[in-house]
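Asks: Following this message is one structure expressed as structure tokens.
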Amino acid sequence: MKQENIRNFCIIAHIDHGKSTLADRILEKTKALEKRELKEQMLDSMDIERERGITIKLNAVRLTYSYDNSEYYFHLIDTPGHVDFSYEVSRSLAACEGALLVVDATQGVEAQTLANLYLALDNNLTIIPVINKIDLPSANPDKVIKELEELGFSEEEIVLTSAKTGEGIEKLLETIIRKIPAPAGNKSNKLQALIFDSLFDPYRGVITSIRVVEGEVKVGDIIKMMETNAVYDVIGLSINTPKEEKKTSLKAGEVGYLYASIKSISDVHVGDTITLESNSATKKLPGYKPMKPMVYCGLYPIESSKFEDLREALEKLKLNDAALVYEPETSKALGFGFRCGFLGLLHMEITEERIEREFNIELIATSPSVVYEVILTDGSKTIVDSPTKMPKRELISKTLEPYVKSNIFTPSEYIGPIMELCQDKRGTFLNIDYLSQERVTINYEIPLSEIVYDFFDRMKSCTKGYASFDYEVIGYKESNLVKMDILLNGEIVDALSVIVHKDFAYNRGKTVVEKLKEIIPRQLFEVPIQAAIGTHVIARTDIKAMRKNVLAKCYGGDVSRKKKLLEKQKEGKKRMKKIGSVEVPQEAFLSILTTDTKK
Amino acid sequence: MIKHAYIHIPFCEKICTYCDFCKMFYHEKWVNEYLDQLEKEIKTKYNNDTLETIYIGGGTPSCLNIKQLEQLLEITTNLKKSTNLEFTIECNFENTTKEKLQLFHKFGVNRLSFGIETINKKQAEFLGRNISKKQIIKILNTAKFIGFTNINVDLMYAFPNQTIIDIKEDLEFLFSLDINHISTYSLIIEKNTKIGLQNIKSISEDLEYEMYNYICQELGKRGFIHYEISNFAKPNYKSKHNLCYWKNKEYYGFGLGASSYLENKRITNTRSLTKYLQEEYIKEEEIIIKEEQIEYEIILNLRTKEGINLKKFKNKYGIEVKDAYNYFSLLLHGLLKEEQENLFIPEDKWYISNEIIVKLLEGEKEV
């Protein structure tokens with residue numbers, strides 16, 4: 001295949017705007033698959049992806065398309081659609097020359113439409129704007145065209161499609177050929193191949209998705225990872241069509257898979273550059289960033305006997321998820337578990353869900369925490385990813401927390417509630433942009449910890465679900481942070497401690513103790529619940545002593561009924577965690593997360 | 001040797017709004033067929049044991065007509081009775097007459113149990129009951145005149161909108177009746193009862209506790225001994241039949257829905273009259289292995305003032321309670337007490353006895 005007949009592109013969109021369905025339709029039109037072979041949303045291969053409608057792992061596929069008496073290779077690179085994976089998105093964008101920007105004809109432009117568009121522009125991609133779902137009765141393509149015009153596109157270049165009916169797909173394929181440039185690069189240059197994804201295969205080890213930018217890689221070559229200097233023999237090269245097809249080499253401009261007996265996914269860094277060991281390129285491809293977990297939480301098995309099973313589950317997930325980190329952690333309240341780090345909240349939720357679903361381990365997750373920096377009085381810096389690691393107050397000189405620049409996209413009638421929410425979340429106003437009369441983007445600088453703590457829920461409820469939201473981490477800022485402990489019967493429950501801004505501690509403490517009072521049943525003795533900073537109690541309430549737990553009437557000697565009742569009561573206790581002499585239901589550990597959703 | 005028998009009469013003239021027990025409306029023909037069948041059931045099961053207690057409960061046994069009652073009591077003459085027999089029948093004031101009382105007396109019934117529940121008009125109405133103080137006094141006087149000395153009345157409390165003053169009035173009336181046994185129950189709103197279906201809410205835990213304490217205190221002042229969670233008696237008037245359950249003794253249960261405990265089997269009779277009349281008496285039968293017998297022993301014994309007699313326990317099961325369960329911390333917190341031969345829940349902790357029993361059972365040791 002001539003290099004000028006190759007087109008590398010991806011599809012970017014806000015969540016649920018029909019990206020995966022559009023990909024399916026393209027596969028069908030290029031006859032990569034017969035219709036009957038086509039499982040709905042072919043490129044999403046994990047169950048959870050299909051259910052949640054989001055793409056977690058990337059996929060690349062080669063399609064053959066004839067146009068104007070020539071054959072073309074399309075390399076379609078699927079990208080994840082969520083902010084947690086924006087680095088992965090940016091690397092797969094870097095593997096392309098063009099992007100289809102898909103906008104739902106009923107929804108219009110949303111926060112991630114913009115975020116993804118900017119990412120694509122940052123990578124100098126040629127953008128083809130696509131308005132999808134035009135078959136729906138509620139579709140309003142004219143309005144969406146206006147919104148896209150605001151973003152600098154002209155009406156003529158916008159392609160209208162319905163991935164459902166197939167309308168507009170032919171035209172889209174032609175537009176791809178005409179508008180997206182063929183890849184540059186020269187196969188005789190020194191090898192530079194970009195790793196834009198990786199996954200673990202139990203038989204072949206780590207498989208990397210690569211885009212050859214310069215040069216050529218062949219089976220048998222000895223390659224080097226430029227970031228880690230690790231060296232491997234290339235055992236195989238292939239490309240999905242979407243069935244796997246073995247190749248002997250991949251040349252500049254081509255996209256495919258490479259495997260090389262790499263045992264651990266942590267040895268492969270997305271964004272790294274592969275070159276040849278003997279004839280190395282001098283420069284890495286730009287844009288590499290190491291992946292850093294932004295959100296941490298403790299994961300504990302509800303049944304303490306399942307600790308080893310949980311370790312195994314995390315090990316298995318880690319094989320395919322370089323961004324997941326974990327280390328064993330012990331909690332007085334919850335026993336043995338793991339402190340786990342995630343790219344963001346969605347990444348965390350998905351991981352928890354996979355452990356529960358695929359490995360059948362019921363979990364208690366402690367309240368998520370961001371990564372704080374603490375400067376001690378001796379000038380040294382400590383990283384705090386768990387409230388239990390917070391140094392004593394007298395040793396702290398200052399505390400810093402990560403901030404994000406948030407980008408909220410909303411119908412203009414909700415500007416008020418959104419600004420109120422952001423102020424409430426310690427946000428600093430940056431600016432507001434009118435995309436049209438009815439649609440605005442609002443930018444705020446907000447501490448990441450405030451986003452982690454019920455921001456999405458509150459944004460959803462104050463905008464009836466119409467606003468969308470995106471953010472990027474912009475760095476650390478000094479902040480007056482304190483560790484707030486929760487005490488049950490005078491004992492600190494480590495799993496309930498949180499780090500909060502001092503000005504918010506009082507309110508937060510009050511809501512948490514009230515919530516716990518609701519959740520924890522009466523005990524044999526009165527139990528005080530306190531929220532405290534150090535030794536200073538900031539909120540308190542009491543769980544009253546139990547006043548009634550007796551079965552009076554025993555009809556005509558039916559004592560088995562009484563025994564069954566007691567057995568049920570005994571079973572119920574098994575699901576409680578004992579903290580000192582207090583029996584605490586599992587939900588209590590989530591309570592710290594779900595407070596004050598309505599204010 | 002089985003020493004106790006319960007006989008169930010599942011018929012009522014009126015259905016009380018809170019009742020969750022096996023009952024149905026009185027119907028003359030069904031009662032007649034039922035009594036014939038009851039006689040058959042007793043004949044097939046009864047092993048000629050000498051009985052120390054017989055208890056006829058319901059439903060409302062006293063709602064049967066005089067002829068039917070005679071047939072019922074005639075059936076009991078087939079049972080061998082010890083000389084110190086306690087023979088109880090449950091009655092309602094609405095349908096107990098002098099004639100019926102004389103009949104009971106003639107057949108050796110020596111204990112009457114009346115459901116008063118409350119004399120407060122509004123609350124009685126809420127329960128679906130209607131009796132006047134006058135009627136109560138008249139019937140009790142008649143009973144005493146005929147020669148009944150051992151009489152129980154049931155008192156219920158914790159009704160919606162009830163106050164301590166209401167309870168005080170109920171108690172004062174009971175005391176004026178000069179009876180020697182009182183059973184008290186808090187209103188429990190069960191799912192498939194009239195009030196359960198009306199979605200009536202229970203009163204607050206704290207108020208109920210206050211009422212319970214008040215009742216215990218007042219009954220204590222009047223010389224009633226709180227010998228079991230729900231039962232109070234003047235000295236020598238404890239119900240022997242009631243105690244047989246709490247002492248984990250074996251007993252016969254005859255009639256619709258009745259429970260028996262025979263040869264380490266807990267047997268529950270069917271609640272379906274149709275099946276019962278076709279001689280399909282038994283609904284389920286559960287064999288109680290030793291570990292469960294021990295659990296029953298503990299659960300049941302701890303409802304009484306004496307609690308578990310440690311020596312008897314050892315003799316019966318060949319193991320000490322403390323070797324089967326670790327209850328040290330319960331003793332430490334005063335939730336259990338050990339005095340002389342007995343391990344018991346102190347009376348002032350009975351209101352949370354379920355919680356204490358569950359905690360004790362949780363301390364089960366591997367034996």
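By convention here, the chains of the structure tokens are called A, B, ... in the order presented, each chain's residues are numbered starting at 1, and ligands are numbered starting at 1 in the order presented.
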Could you pull out the residues in stretch 196-268 of chain A that DSSP calls strand (DSSP E) from the backbone, as a ChimeraX atom specification?
Replies: /A:196-201,205-214,216-218,222-225,231-233,236-240,244-247,249-251,255-259
Asks: Residues of chain B within 6 Å of chain A, counting only C-alpha atoms, what are they? List them as a PDB file with C-alpha atoms, in the first residue's frame.
Replies:
```pdb
ATOM      1  CA  TYR B 185     -47.463  -7.562  75.907  1.00  0.00           C
ATOM      2  CA  GLU B 205     -38.851   3.013  71.352  1.00  0.00           C
ATOM      3  CA  TYR B 209     -39.504   1.670  77.341  1.00  0.00           C
ATOM      4  CA  SER B 230     -44.118 -11.137  79.860  1.00  0.00           C
ATOM      5  CA  SER B 259     -46.603 -26.756  67.983  1.00  0.00           C
ATOM      6  CA  TYR B 351     -36.119  -5.226  77.610  1.00  0.00           C
ATOM      7  CA  ILE B 352     -33.044  -5.943  75.490  1.00  0.00           C
ATOM      8  CA  SER B 353     -32.909  -9.674  76.135  1.00  0.00           C
ATOM      9  CA  ASN B 354     -32.797 -10.560  72.432  1.00  0.00           C
ATOM     10  CA  VAL B 358     -27.618 -13.012  70.427  1.00  0.00           C
TER      11      VAL B 358
END
```
Asks: What's around A:Glu438 at 8 Å? Count only C-alpha atoms, leave out sequence neighbours fewer than 3 positions away in its own chain, and write the answer as a ChimeraX atom specification.
Replies: /A:411-413,434-435
Asks: Counting only C-alpha atoms, what is within 10 Å of B:Ile137, bar same-chain residues fewer than 3 positions away, as a ChimeraX atom specification?
Replies: /B:93,132-134,140-143,173,176-177
Asks: So, counting only C-alpha atoms, which residue among B:Asn110, B:Gln198, B:Asn130, B:Ser186 is closest to B:Tyr237?
Replies: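 Comparing B:Asn110, B:Gln198, B:Asn130, B:Ser186 against B:Tyr237, the winner is B:Asn110.
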Asks: Excluding B:Leu187 and its own-chain neighbours fewer than 5 positions away, which residues fall within 9 Å of it when counting only C-alpha atoms? Please give them as an MDAnalysis selection string.
Replies: chainID B and resid 18 156:159 202
Asks: Between B:Ile282, B:Leu72, B:Ile54, B:Cys16, which one has atoms that come closest to B:Lys240, using only C-alpha atoms?
Replies: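 The closest residue to B:Lys240 is B:Ile54.
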Asks: Looking only at helix (DSSP H, G or I) from DSSP on the backbone, list the matching residues of stretch 164-363 of chain A as a ChimeraX atom specification.
Replies: /A:169-179,265-267,304-319,345-358
Asks: Mind writing the picked residues with N, CA and C atoms as a short mmCIF file (atom, residue, chain, number, x, y, z; two decimals), in the first residue's frame?
Replies:
```cif
data_model
loop_
_atom_site.label_atom_id
_atom_site.label_comp_id
_atom_site.auth_asym_id
_atom_site.auth_seq_id
_atom_site.Cartn_x
_atom_site.Cartn_y
_atom_site.Cartn_z
N ILE A 169 -23.04 8.11 5.66
CA ILE A 169 -21.79 7.42 5.95
C ILE A 169 -20.85 7.42 4.73
N GLU A 170 -21.46 7.14 3.52
CA GLU A 170 -20.63 7.16 2.30
C GLU A 170 -19.93 8.51 2.15
N LYS A 171 -20.72 9.54 2.36
CA LYS A 171 -20.17 10.88 2.19
C LYS A 171 -19.05 11.13 3.19
N LEU A 172 -19.25 10.60 4.39
CA LEU A 172 -18.24 10.76 5.43
C LEU A 172 -16.93 10.08 5.02
N LEU A 173 -17.06 8.87 4.43
CA LEU A 173 -15.85 8.14 4.03
C LEU A 173 -15.10 8.89 2.94
N GLU A 174 -15.86 9.47 2.00
CA GLU A 174 -15.22 10.26 0.94
C GLU A 174 -14.51 11.48 1.53
N THR A 175 -15.20 12.12 2.49
CA THR A 175 -14.61 13.31 3.11
C THR A 175 -13.29 12.97 3.80
N ILE A 176 -13.27 11.78 4.43
CA ILE A 176 -12.04 11.35 5.11
C ILE A 176 -10.89 11.29 4.10
N ILE A 177 -11.17 10.68 2.92
CA ILE A 177 -10.12 10.55 1.91
C ILE A 177 -9.67 11.91 1.40
N ARG A 178 -10.66 12.78 1.16
CA ARG A 178 -10.32 14.07 0.56
C ARG A 178 -9.65 15.01 1.56
N LYS A 179 -10.10 15.00 2.78
CA LYS A 179 -9.63 16.05 3.71
C LYS A 179 -8.45 15.66 4.60
N ILE A 265 3.01 -5.09 32.23
CA ILE A 265 2.50 -3.90 31.57
C ILE A 265 3.15 -2.63 32.14
N SER A 266 3.70 -2.76 33.34
CA SER A 266 4.36 -1.57 33.90
C SER A 266 5.68 -1.25 33.18
N ASP A 267 6.19 -2.20 32.39
CA ASP A 267 7.41 -1.92 31.62
C ASP A 267 7.10 -1.12 30.35
N SER A 304 -13.42 -10.62 55.61
CA SER A 304 -11.98 -10.45 55.75
C SER A 304 -11.21 -11.65 55.19
N SER A 305 -11.87 -12.79 55.06
CA SER A 305 -11.17 -13.95 54.51
C SER A 305 -10.86 -13.78 53.02
N LYS A 306 -11.42 -12.75 52.39
CA LYS A 306 -11.22 -12.59 50.95
C LYS A 306 -10.07 -11.64 50.62
N PHE A 307 -9.24 -11.34 51.60
CA PHE A 307 -8.13 -10.43 51.36
C PHE A 307 -7.21 -10.92 50.24
N GLU A 308 -6.85 -12.22 50.30
CA GLU A 308 -5.95 -12.76 49.27
C GLU A 308 -6.62 -12.75 47.90
N ASP A 309 -7.92 -13.00 47.87
CA ASP A 309 -8.65 -12.94 46.60
C ASP A 309 -8.60 -11.53 46.03
N LEU A 310 -8.68 -10.56 46.91
CA LEU A 310 -8.65 -9.16 46.46
C LEU A 310 -7.27 -8.84 45.89
N ARG A 311 -6.23 -9.36 46.54
CA ARG A 311 -4.89 -9.11 46.02
C ARG A 311 -4.77 -9.69 44.60
N GLU A 312 -5.27 -10.90 44.44
CA GLU A 312 -5.21 -11.54 43.13
C GLU A 312 -5.98 -10.73 42.08
N ALA A 313 -7.15 -10.26 42.48
CA ALA A 313 -7.98 -9.48 41.56
C ALA A 313 -7.24 -8.22 41.11
N LEU A 314 -6.62 -7.54 42.06
CA LEU A 314 -5.89 -6.31 41.72
C LEU A 314 -4.71 -6.63 40.80
N GLU A 315 -4.02 -7.74 41.10
CA GLU A 315 -2.90 -8.14 40.24
C GLU A 315 -3.37 -8.36 38.81
N LYS A 316 -4.51 -9.04 38.68
CA LYS A 316 -5.02 -9.34 37.34
C LYS A 316 -5.45 -8.06 36.62
N LEU A 317 -6.10 -7.16 37.33
CA LEU A 317 -6.54 -5.92 36.69
C LEU A 317 -5.33 -5.08 36.28
N LYS A 318 -4.34 -5.11 37.12
CA LYS A 318 -3.12 -4.33 36.88
C LYS A 318 -2.44 -4.75 35.57
N LEU A 319 -2.58 -6.05 35.22
CA LEU A 319 -1.97 -6.54 33.98
C LEU A 319 -2.42 -5.70 32.80
N LEU A 345 -12.19 9.63 39.30
CA LEU A 345 -13.32 8.96 39.94
C LEU A 345 -13.92 7.84 39.11
N LEU A 346 -14.00 8.07 37.80
CA LEU A 346 -14.60 7.05 36.95
C LEU A 346 -13.72 5.81 36.93
N HIS A 347 -12.43 6.04 36.81
CA HIS A 347 -11.47 4.95 36.84
C HIS A 347 -11.64 4.15 38.14
N MET A 348 -11.85 4.87 39.22
CA MET A 348 -12.05 4.22 40.52
C MET A 348 -13.33 3.39 40.53
N GLU A 349 -14.41 4.01 40.06
CA GLU A 349 -15.69 3.31 40.06
C GLU A 349 -15.64 2.05 39.20
N ILE A 350 -15.03 2.19 38.03
CA ILE A 350 -14.96 1.04 37.12
C ILE A 350 -14.16 -0.08 37.76
N THR A 351 -13.05 0.28 38.40
CA THR A 351 -12.22 -0.75 39.02
C THR A 351 -12.99 -1.46 40.14
N GLU A 352 -13.67 -0.69 40.97
CA GLU A 352 -14.46 -1.30 42.05
C GLU A 352 -15.51 -2.24 41.48
N GLU A 353 -16.16 -1.76 40.43
CA GLU A 353 -17.24 -2.54 39.86
C GLU A 353 -16.70 -3.85 39.26
N ARG A 354 -15.54 -3.75 38.60
CA ARG A 354 -14.97 -4.96 38.00
C ARG A 354 -14.57 -5.96 39.08
N ILE A 355 -14.03 -5.47 40.19
CA ILE A 355 -13.64 -6.40 41.26
C ILE A 355 -14.88 -7.10 41.81
N GLU A 356 -15.94 -6.35 42.00
CA GLU A 356 -17.15 -6.95 42.55
C GLU A 356 -17.79 -7.91 41.56
N ARG A 357 -17.79 -7.50 40.29
CA ARG A 357 -18.52 -8.28 39.31
C ARG A 357 -17.70 -9.46 38.78
N GLU A 358 -16.46 -9.19 38.37
CA GLU A 358 -15.69 -10.24 37.73
C GLU A 358 -15.02 -11.17 38.73
#
```
